[in-house]
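A.B. asks: Could you have a look at this structure, given as structure tokens, before my questions?
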There are 2 protein chains.
Amino acid sequence: MSQFKVTFLPYDTHIMMATGESLIRAAMEAGVHINASCGGDGVCGKCRVTIEQGRVEGGISEHLSEEDRDKGYRLACKATVVEDVVVRIPVESAIDTSALLRKAPRQTASIQQMNLDDIKEQGLFVPPMEKLYLELPPPSAGDNLPDISRLVNYLRIQHDEGGLEISLPVIRKIPTVFREQDFKVTVTVARPVRSSGKHQIINVEPGDTTDHNYAVAMDIGTTTVYGQMVNLITGEVMAEAGKFNGQISYGEDVISRIIYAEKPEGLEKIHQVVIETVNQVLAKIIKKSKVDRQSISVLTLAGNTTMTQLLLKVEPRFIRRSPYVPASRIYPRIKASDLGIDLADHVTALVYPQVSSYVGGDIVAGVMGSGMYRTDKMTLFLDIGTNAEVVIGNKDWLACAACSAGPAFEGGGIEFGMRAAKGAIEDFSIDPETLEPIIVTIGSVRPKGICGSGLITMVAILFEMGVINNQGKFDRDLGTPRIRKTNDVWEYVLAYKDETQIDRDIVINEIDIENLIRAKGAIYSGCMTLLAEVGMGPDDIEQIILAGGFGSYVDLEKAMVIGLLSEIDAGKVVYVGNASLLGARMSALTNRIREEVVGVTNMMTNFELSETPSYMDNYVAALFLPHTDVDRFPKVKAQMEARKQTLDELRRTAAAGAVQ
Amino acid sequence: MSQFKVTFLPYDTHIMMATGESLIRAAMEAGVHINASCGGDGVCGKCRVTIEQGRVEGGISEHLSEEDRDKGYRLACKATVVEDVVVRIPVESAIDTSALLRKAPRQTASIQQMNLDDIKEQGLFVPPMEKLYLELPPPSAGDNLPDISRLVNYLRIQHDEGGLEISLPVIRKIPTVFREQDFKVTVTVARPVRSSGKHQIINVEPGDTTDHNYAVAMDIGTTTVYGQMVNLITGEVMAEAGKFNGQISYGEDVISRIIYAEKPEGLEKIHQVVIETVNQVLAKIIKKSKVDRQSISVLTLAGNTTMTQLLLKVEPRFIRRSPYVPASRIYPRIKASDLGIDLADHVTALVYPQVSSYVGGDIVAGVMGSGMYRTDKMTLFLDIGTNAEVVIGNKDWLACAACSAGPAFEGGGIEFGMRAAKGAIEDFSIDPETLEPIIVTIGSVRPKGICGSGLITMVAILFEMGVINNQGKFDRDLGTPRIRKTNDVWEYVLAYKDETQIDRDIVINEIDIENLIRAKGAIYSGCMTLLAEVGMGPDDIEQIILAGGFGSYVDLEKAMVIGLLSEIDAGKVVYVGNASLLGARMSALTNRIREEVVGVTNMMTNFELSETPSYMDNYVAALFLPHTDVDRFPKVKAQMEARKQTLDELRRTAAAGAVQ
């Protein structure tokens, strides 16, 4: 997508934006305030701007008179970038420029994508299943070898293949398949992970089908199951789809799923539910990619320990009971159809190994897929999903731990919390003087709730602006009607009910903030404890890899403001997205992953934070914004001091108003 | 069983007999003629003898007056041996003593049984599945390894076991089983055939069950399925049972079974039928042995190529079509329950490999089980069942072929042919002058038909006595009413209808004899052709191993008289019984068999007799009694010449009678 320069006057600030992005989002990213309270739906009409140079698309609304339109006025929330443009923010839309807190443009982590060409160049593109075409001489009186012997002999002659194994279902197919196209056949061979291993003939098809060889990679998430169709000839992803894990109806988190599984027939039921979801995702990507189901050779799977055990129907009850024992670290190759997965009989499911009850195959997949296990750089890998897991190390050693962060980052435990879907407030700013908010929602529609990344930004800005203190409590003396007490709980009104989709005021309250602080505190203290356990500090970290559904949207600076992450150069942070899915795909593309995964899993030393005495101290100290020891966050400290004066003025004005 | 000396007067011939054997059988074996025509049922009353010394049990009948009884008369067919005894054959029972053909006692092959102690002494008693008992330390906060890792670690510590694999179904069991008896468990490990192979954990049970480890060995015969329950701790057979293969209803021989399998759903049906039989045999031996079904660890199977493919549901249609291609030589380990066999999920079925379409796993099992593949002696192995297969060679090389013998030896194609069951005539003799028969049936009841071994004896004796010529045609001029023509076919009456169970005269006719000649001709010429192909002759054979259901009953001398076997010292012939079952049992007792079986199978060079030009010449030459070249059978030739004079006299008498 093309990028265009958007310049904001009178501040002369500019930012590069992609075609189609709205001006309000551009302003938000550039740190320029435009009034807006409807989430970008165009209904409040407050975000008027004039276009001084260049052209935008849209932004014309009934809120603008014909005259205004002719003068170049547009609604910033509905005007989208199509070329370089200069935008002026009129006085009525802008705050007092002298008071403008020139915030830095939003810094998200750079996205690290897998480079297929690199993999191919390094000779690592060795999928676990390969197809070979053969033309066999038909049997005769002088050569009436058994069919399988003929196949094995000619695989040696024509393809130099040896040490082959074959299963009964394939043997059953062979006599007929051989004679369908005159002894011309395509054989699918499963490659062993080690050169000493056996090669397995897993399928035979009549004729030459070598061009059609696919893998499905899947991430079995607690919340969502994602799948990708991977072409094993080109290495490309042909389709991708996701679907909420059907088990959600049986509980939001892994613990409640395990509790359900402990009921009579519960394990069978909850196992079948996730298999159903897998089959639905499969159907979606088969449809999207137009791949013949019979041409799929392998299924690679990654999930956390509980998801893996439920998927495989392995008793999970000991995962949630001290001393938290999972069934197995490594799982063998499994026939996908034995699990009820709707794939041909010959398809093998390869399942990522687990480290412990709470550091599962999704994290191992992330470590493999992100390449963390091969880097020299001291790396901190952080996967924030329904739970949060942290891995520290590099190619020489790896330490890991799970943080009981709770579901706040996925909107859980937040009064208006929701998943990152249409209508979720994902960006937020505040007028430094009026304390009026700007909110931007996903899909630019009227707000319905708050998603995880929005919540982080919101709490960070409320804190930076001094609206809440370091314990997450509202300053009651700022003189804005947006801060109020409802049912004995202090809250800030993000949007009044007539601006929302839900006919209720959308607020963020002190309980929400406390939950977020607990969540970020658990992650931060988890990282710090693990670092201390391995004799290191935050400064030793050369790279942070962020993974998980919400990582790409998080404003890194804001994450540091609330103390979720240590203050670190944003350039050192990379985002790998769904690392579990990435790892699953990687293991479909290269046997190198499978060769090394057991060693890596064994190398991952697990720390049970609940068993680590220093953890609780670290946790308690982290239950502040950004931390009880603010010296750890020098940038935040400086900002707070700079803001102090304005706040004092606001309080004085409010007090004066109250006296009048 | 004790053996006692039975002496027959006036001939002063004696023979050793076991307790409980009848005097008529003793006489038969000793070559002494006693009149008898009812099969040993005591109804004809012809077989009167007196006991001169010692005591017999039974033999008193309404056919004997009280006076006769007091004089010591007994019916030989009902009197059984209990101690040394001297028996006189009275004039009315015996033939003219001067005319008595003093035939040699019946010579059956010595029975070779597996010597378990030898196997143990040689260190070969290494069953494929072993049980190991473990006491694991329960997990704790400081040691919360996954259950499977704990198992693998302690198998190394407590039993020095490494390189272990484990399947999903076993993983599923482990969390619960571990906690049933406080982490005390018994593990069943499948041993690889080669030291480089992986050991597989196939089962875990709570507590110590190492004393209960069993195998089932099975022979899947075209006619009968036999099974044995083998104790893998002691090596002993605990129970044995057989049952007709349910597929018999779908055809007597392999060809008709294949034809049925070619019908729509036919393969599925006929597969299920044999699985049903397997399950019935299994139920029988489980009941007999009182073994807990769950304690069975392995199932070893041997069958001919067609039976194997039908058992495994592998398309058999190409077996019966030129160029006669079987699906596979080697079959992988198969989960028994996947075949529908009623055994626990962890039980592996080990299937003997096949050489060709007509030399199958039953023959390979025979070669392995009989030890033929390890002997220095040049050996001819002959398995006569529904079909006949021959293997020649020793530890250095092996050649094999199948002979299309047809089912004559199992009673097929013989007007009164039947299997070796109660009422089948199994022994036969003839009065040299009156040409009256003596018949002995299985179970000593009135005759119902003729079994294979009986047929061989019958044709041999009719030929020795000159009643039939070397083309199997009756001498029409011997003046006995037993030789007659019915529906244009000449026949000899074995029993008149009032002496039978079937209310019809039981006869042997020229068509029956022709069928037997074809069958024996096929086998003899098969052996000769194969010998010639490997550059040998009958004199090079140092040992004959007879296998198959009927081998133990065959009178070797008689088999040589009809030309089924070359004339050879009977001491060189051993009988191994059901060699296929023996091989199946051996592979349950020692991994050595499994280690070597693939090599042996590959070593077995198959000759398709139909593709060997000399075979047809050999076959045609063998369609005589004993052979077109009688010089190959010097003993038979001498006997025939000795008999000539008596026959000439008989003909003269008959002619004179006819003139009168």
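Identifiers in this document derive from the order of the structure tokens: chains are assigned A, B, ..., residues are numbered from 1 separately in each chain, and ligands are numbered from 1 in order of occurrence.
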DSSP on the backbone: which residues in segment 541-659 of chain B end up as alpha helix (DSSP H)? Give the answer as a ChimeraX atom specification.
C.D. replies: /B:556-561,579-589,591-603,614-621,634-659
A.B. asks: Would you list which chain B residues are within 8 Å of chain A using only C-alpha atoms, as a ChimeraX atom specification?
C.D. replies: /B:139-141,144-149,165-168,171-176,312-315,318,322-329,331-332,334,356,611
A.B. asks: Check the DSSP output for the backbone and give back, as an MDAnalysis selection string, the residues of segment 223-299 of chain B in strand (DSSP E).
C.D. replies: chainID B and resid 224:231 237:244 296:299
A.B. asks: Mind dumping the selected residues with N, CA, C and O atoms as a PDB file, in the first residue's frame?
C.D. replies:
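Output below, filename again00.pdb:
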```
ATOM      1  N   THR B 224      -9.323 -74.272   8.551  1.00  0.00           N
ATOM      2  CA  THR B 224      -9.462 -74.170  10.005  1.00  0.00           C
ATOM      3  C   THR B 224      -8.579 -73.060  10.557  1.00  0.00           C
ATOM      4  O   THR B 224      -7.477 -72.837  10.059  1.00  0.00           O
ATOM      5  N   VAL B 225      -9.093 -72.378  11.552  1.00  0.00           N
ATOM      6  CA  VAL B 225      -8.299 -71.386  12.280  1.00  0.00           C
ATOM      7  C   VAL B 225      -7.944 -71.998  13.632  1.00  0.00           C
ATOM      8  O   VAL B 225      -8.839 -72.427  14.374  1.00  0.00           O
ATOM      9  N   TYR B 226      -6.631 -72.102  13.906  1.00  0.00           N
ATOM     10  CA  TYR B 226      -6.182 -72.632  15.186  1.00  0.00           C
ATOM     11  C   TYR B 226      -5.549 -71.528  16.005  1.00  0.00           C
ATOM     12  O   TYR B 226      -4.851 -70.668  15.455  1.00  0.00           O
ATOM     13  N   GLY B 227      -5.764 -71.579  17.300  1.00  0.00           N
ATOM     14  CA  GLY B 227      -5.127 -70.605  18.179  1.00  0.00           C
ATOM     15  C   GLY B 227      -4.548 -71.269  19.406  1.00  0.00           C
ATOM     16  O   GLY B 227      -5.029 -72.312  19.857  1.00  0.00           O
ATOM     17  N   GLN B 228      -3.493 -70.669  19.929  1.00  0.00           N
ATOM     18  CA  GLN B 228      -2.891 -71.134  21.179  1.00  0.00           C
ATOM     19  C   GLN B 228      -2.693 -69.949  22.103  1.00  0.00           C
ATOM     20  O   GLN B 228      -2.309 -68.873  21.651  1.00  0.00           O
ATOM     21  N   MET B 229      -2.929 -70.165  23.379  1.00  0.00           N
ATOM     22  CA  MET B 229      -2.616 -69.153  24.387  1.00  0.00           C
ATOM     23  C   MET B 229      -1.241 -69.498  24.946  1.00  0.00           C
ATOM     24  O   MET B 229      -1.019 -70.598  25.436  1.00  0.00           O
ATOM     25  N   VAL B 230      -0.316 -68.548  24.823  1.00  0.00           N
ATOM     26  CA  VAL B 230       1.064 -68.812  25.229  1.00  0.00           C
ATOM     27  C   VAL B 230       1.410 -67.911  26.420  1.00  0.00           C
ATOM     28  O   VAL B 230       1.172 -66.709  26.386  1.00  0.00           O
ATOM     29  N   ASN B 231       1.954 -68.520  27.433  1.00  0.00           N
ATOM     30  CA  ASN B 231       2.396 -67.777  28.613  1.00  0.00           C
ATOM     31  C   ASN B 231       3.784 -67.212  28.330  1.00  0.00           C
ATOM     32  O   ASN B 231       4.736 -67.954  28.120  1.00  0.00           O
ATOM     33  N   VAL B 237       2.333 -73.429  26.458  1.00  0.00           N
ATOM     34  CA  VAL B 237       1.019 -73.295  25.838  1.00  0.00           C
ATOM     35  C   VAL B 237      -0.023 -73.627  26.897  1.00  0.00           C
ATOM     36  O   VAL B 237       0.013 -74.698  27.488  1.00  0.00           O
ATOM     37  N   MET B 238      -0.945 -72.693  27.136  1.00  0.00           N
ATOM     38  CA  MET B 238      -1.911 -72.885  28.207  1.00  0.00           C
ATOM     39  C   MET B 238      -3.238 -73.415  27.696  1.00  0.00           C
ATOM     40  O   MET B 238      -4.010 -73.989  28.448  1.00  0.00           O
ATOM     41  N   ALA B 239      -3.505 -73.201  26.430  1.00  0.00           N
ATOM     42  CA  ALA B 239      -4.746 -73.708  25.862  1.00  0.00           C
ATOM     43  C   ALA B 239      -4.611 -73.664  24.350  1.00  0.00           C
ATOM     44  O   ALA B 239      -3.838 -72.880  23.803  1.00  0.00           O
ATOM     45  N   GLU B 240      -5.374 -74.513  23.689  1.00  0.00           N
ATOM     46  CA  GLU B 240      -5.359 -74.555  22.230  1.00  0.00           C
ATOM     47  C   GLU B 240      -6.780 -74.841  21.758  1.00  0.00           C
ATOM     48  O   GLU B 240      -7.515 -75.557  22.421  1.00  0.00           O
ATOM     49  N   ALA B 241      -7.154 -74.230  20.660  1.00  0.00           N
ATOM     50  CA  ALA B 241      -8.477 -74.511  20.116  1.00  0.00           C
ATOM     51  C   ALA B 241      -8.484 -74.229  18.619  1.00  0.00           C
ATOM     52  O   ALA B 241      -7.662 -73.447  18.122  1.00  0.00           O
ATOM     53  N   GLY B 242      -9.383 -74.869  17.929  1.00  0.00           N
ATOM     54  CA  GLY B 242      -9.521 -74.654  16.496  1.00  0.00           C
ATOM     55  C   GLY B 242     -10.986 -74.532  16.145  1.00  0.00           C
ATOM     56  O   GLY B 242     -11.860 -74.943  16.920  1.00  0.00           O
ATOM     57  N   LYS B 243     -11.224 -73.958  14.984  1.00  0.00           N
ATOM     58  CA  LYS B 243     -12.596 -73.804  14.535  1.00  0.00           C
ATOM     59  C   LYS B 243     -12.552 -73.680  13.019  1.00  0.00           C
ATOM     60  O   LYS B 243     -11.622 -73.072  12.481  1.00  0.00           O
ATOM     61  N   PHE B 244     -13.544 -74.264  12.349  1.00  0.00           N
ATOM     62  CA  PHE B 244     -13.568 -74.102  10.899  1.00  0.00           C
ATOM     63  C   PHE B 244     -13.619 -72.618  10.566  1.00  0.00           C
ATOM     64  O   PHE B 244     -14.356 -71.861  11.194  1.00  0.00           O
ATOM     65  N   ILE B 296      -3.334 -60.061  27.670  1.00  0.00           N
ATOM     66  CA  ILE B 296      -2.747 -60.511  26.403  1.00  0.00           C
ATOM     67  C   ILE B 296      -2.023 -59.326  25.767  1.00  0.00           C
ATOM     68  O   ILE B 296      -2.603 -58.262  25.599  1.00  0.00           O
ATOM     69  N   SER B 297      -0.750 -59.521  25.458  1.00  0.00           N
ATOM     70  CA  SER B 297       0.075 -58.412  24.962  1.00  0.00           C
ATOM     71  C   SER B 297       0.296 -58.435  23.456  1.00  0.00           C
ATOM     72  O   SER B 297       0.621 -57.405  22.873  1.00  0.00           O
ATOM     73  N   VAL B 298       0.194 -59.600  22.850  1.00  0.00           N
ATOM     74  CA  VAL B 298       0.558 -59.679  21.438  1.00  0.00           C
ATOM     75  C   VAL B 298      -0.173 -60.832  20.769  1.00  0.00           C
ATOM     76  O   VAL B 298      -0.540 -61.811  21.424  1.00  0.00           O
ATOM     77  N   LEU B 299      -0.383 -60.659  19.481  1.00  0.00           N
ATOM     78  CA  LEU B 299      -1.048 -61.684  18.671  1.00  0.00           C
ATOM     79  C   LEU B 299      -0.136 -61.958  17.485  1.00  0.00           C
ATOM     80  O   LEU B 299       0.234 -61.031  16.755  1.00  0.00           O
TER      81      LEU B 299
END
```
A.B. asks: Choose the residue, out of B:Arg69, B:His346, B:Lys284, B:Lys448, that has the smallest atom-to-atom separation from Gln200 of chain B; count only C-alpha atoms.
C.D. replies: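 Closest to Gln200 of chain B, using only C-alpha atoms: B:His346.
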A.B. asks: At what distance in Å, to one decimal, does atom CA of Ala656 of chain B lie from atom CA of Arg476 of chain B?
C.D. replies: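 Here the two named atoms are 14.6 Å from each other.
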A.B. asks: Suppose you want the space between atom CA of Gly393 of chain A and atom CA of Val573 of chain A; what is it in Å?
C.D. replies: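 Taking atom CA of Gly393 of chain A as the start and atom CA of Val573 of chain A as the end point, the length is 15.1 Å.
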A.B. asks: To one decimal place, how far is atom CA of Asn470 of chain A from atom CA of Asp431 of chain A in Å?
C.D. replies: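 Rounded to one decimal, the two atoms are 20.1 Å apart.
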A.B. asks: Which residues, written as a list in words, have at least one atom at most 8 Å from Ile392 of chain B, with only C-alpha atoms counted and residues fewer than 4 positions away on the same chain left out?
C.D. replies: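 Counting only the stated atoms, we get Met378, Thr379, Leu380, Phe381, Leu398, Ala399, Cys400, Leu530 and Leu531 of chain B.
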A.B. asks: Which neighbours of Gly406 of chain B fall inside 8 Å, counting only C-alpha atoms, when residues of the same chain fewer than 5 positions from it are skipped, and could you give them as a list of chain:residue names?
C.D. replies: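 What passes the distance filter is B:Thr386, B:Asn387, B:Gly412, B:Ala519.
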A.B. asks: So that I can check the surroundings of Pro538 of chain B, please list as a PyMOL selection string every protein, DNA and RNA residue that reaches within 8 Å of it, counting only C-alpha atoms and ignoring chain neighbours fewer than 3 positions away.
C.D. replies: chain B and resi 528+531+541+566
A.B. asks: Give me the residues within 6 Å of Ser444 of chain B as a ChimeraX atom specification, counting only C-alpha atoms and dropping any in the same chain fewer than 2 places off.
C.D. replies: /B:39-41,441-442
A.B. asks: What would the file look like if the residues just selected were written as a PDB file, in the first residue's frame with C-alpha atoms?
C.D. replies:
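Written output follows (selection32.pdb):
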```pdb
ATOM      1  CA  GLY B  39     -15.063 -99.688  11.261  1.00  0.00           C
ATOM      2  CA  GLY B  40     -14.552-100.938  14.808  1.00  0.00           C
ATOM      3  CA  ASP B  41     -18.050-100.315  16.081  1.00  0.00           C
ATOM      4  CA  THR B 441     -12.563 -95.400  11.577  1.00  0.00           C
ATOM      5  CA  ILE B 442     -11.712 -92.398  13.687  1.00  0.00           C
TER       6      ILE B 442
END
```
A.B. asks: Give me, as a list of chain:residue names, all polymer residues having an atom no more than 7 Å from segment 382-385 of chain B, counting only C-alpha atoms and skipping those fewer than 5 positions away in the same chain.
C.D. replies: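 Listed by chain and then number, they are B:Val390, B:Val391, B:Glu410, B:Ile545, B:Leu546, B:Ala547, B:Gly548, B:Gly549.
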A.B. asks: Which is closer to Ile202 of chain A than all the others in A:Val274, A:Ala522, A:Leu565, A:Ala344, using only C-alpha atoms?
C.D. replies: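 Closest to Ile202 of chain A, using only C-alpha atoms: A:Ala344.
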A.B. asks: Quick one: of A:Asp477, A:Asp253, A:Glu415, A:Glu596, who's nearest to Gly449 of chain A, counting only C-alpha atoms?
C.D. replies: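 Going through A:Asp477, A:Asp253, A:Glu415, A:Glu596 one by one, the smallest distance to Gly449 of chain A is for A:Glu415.
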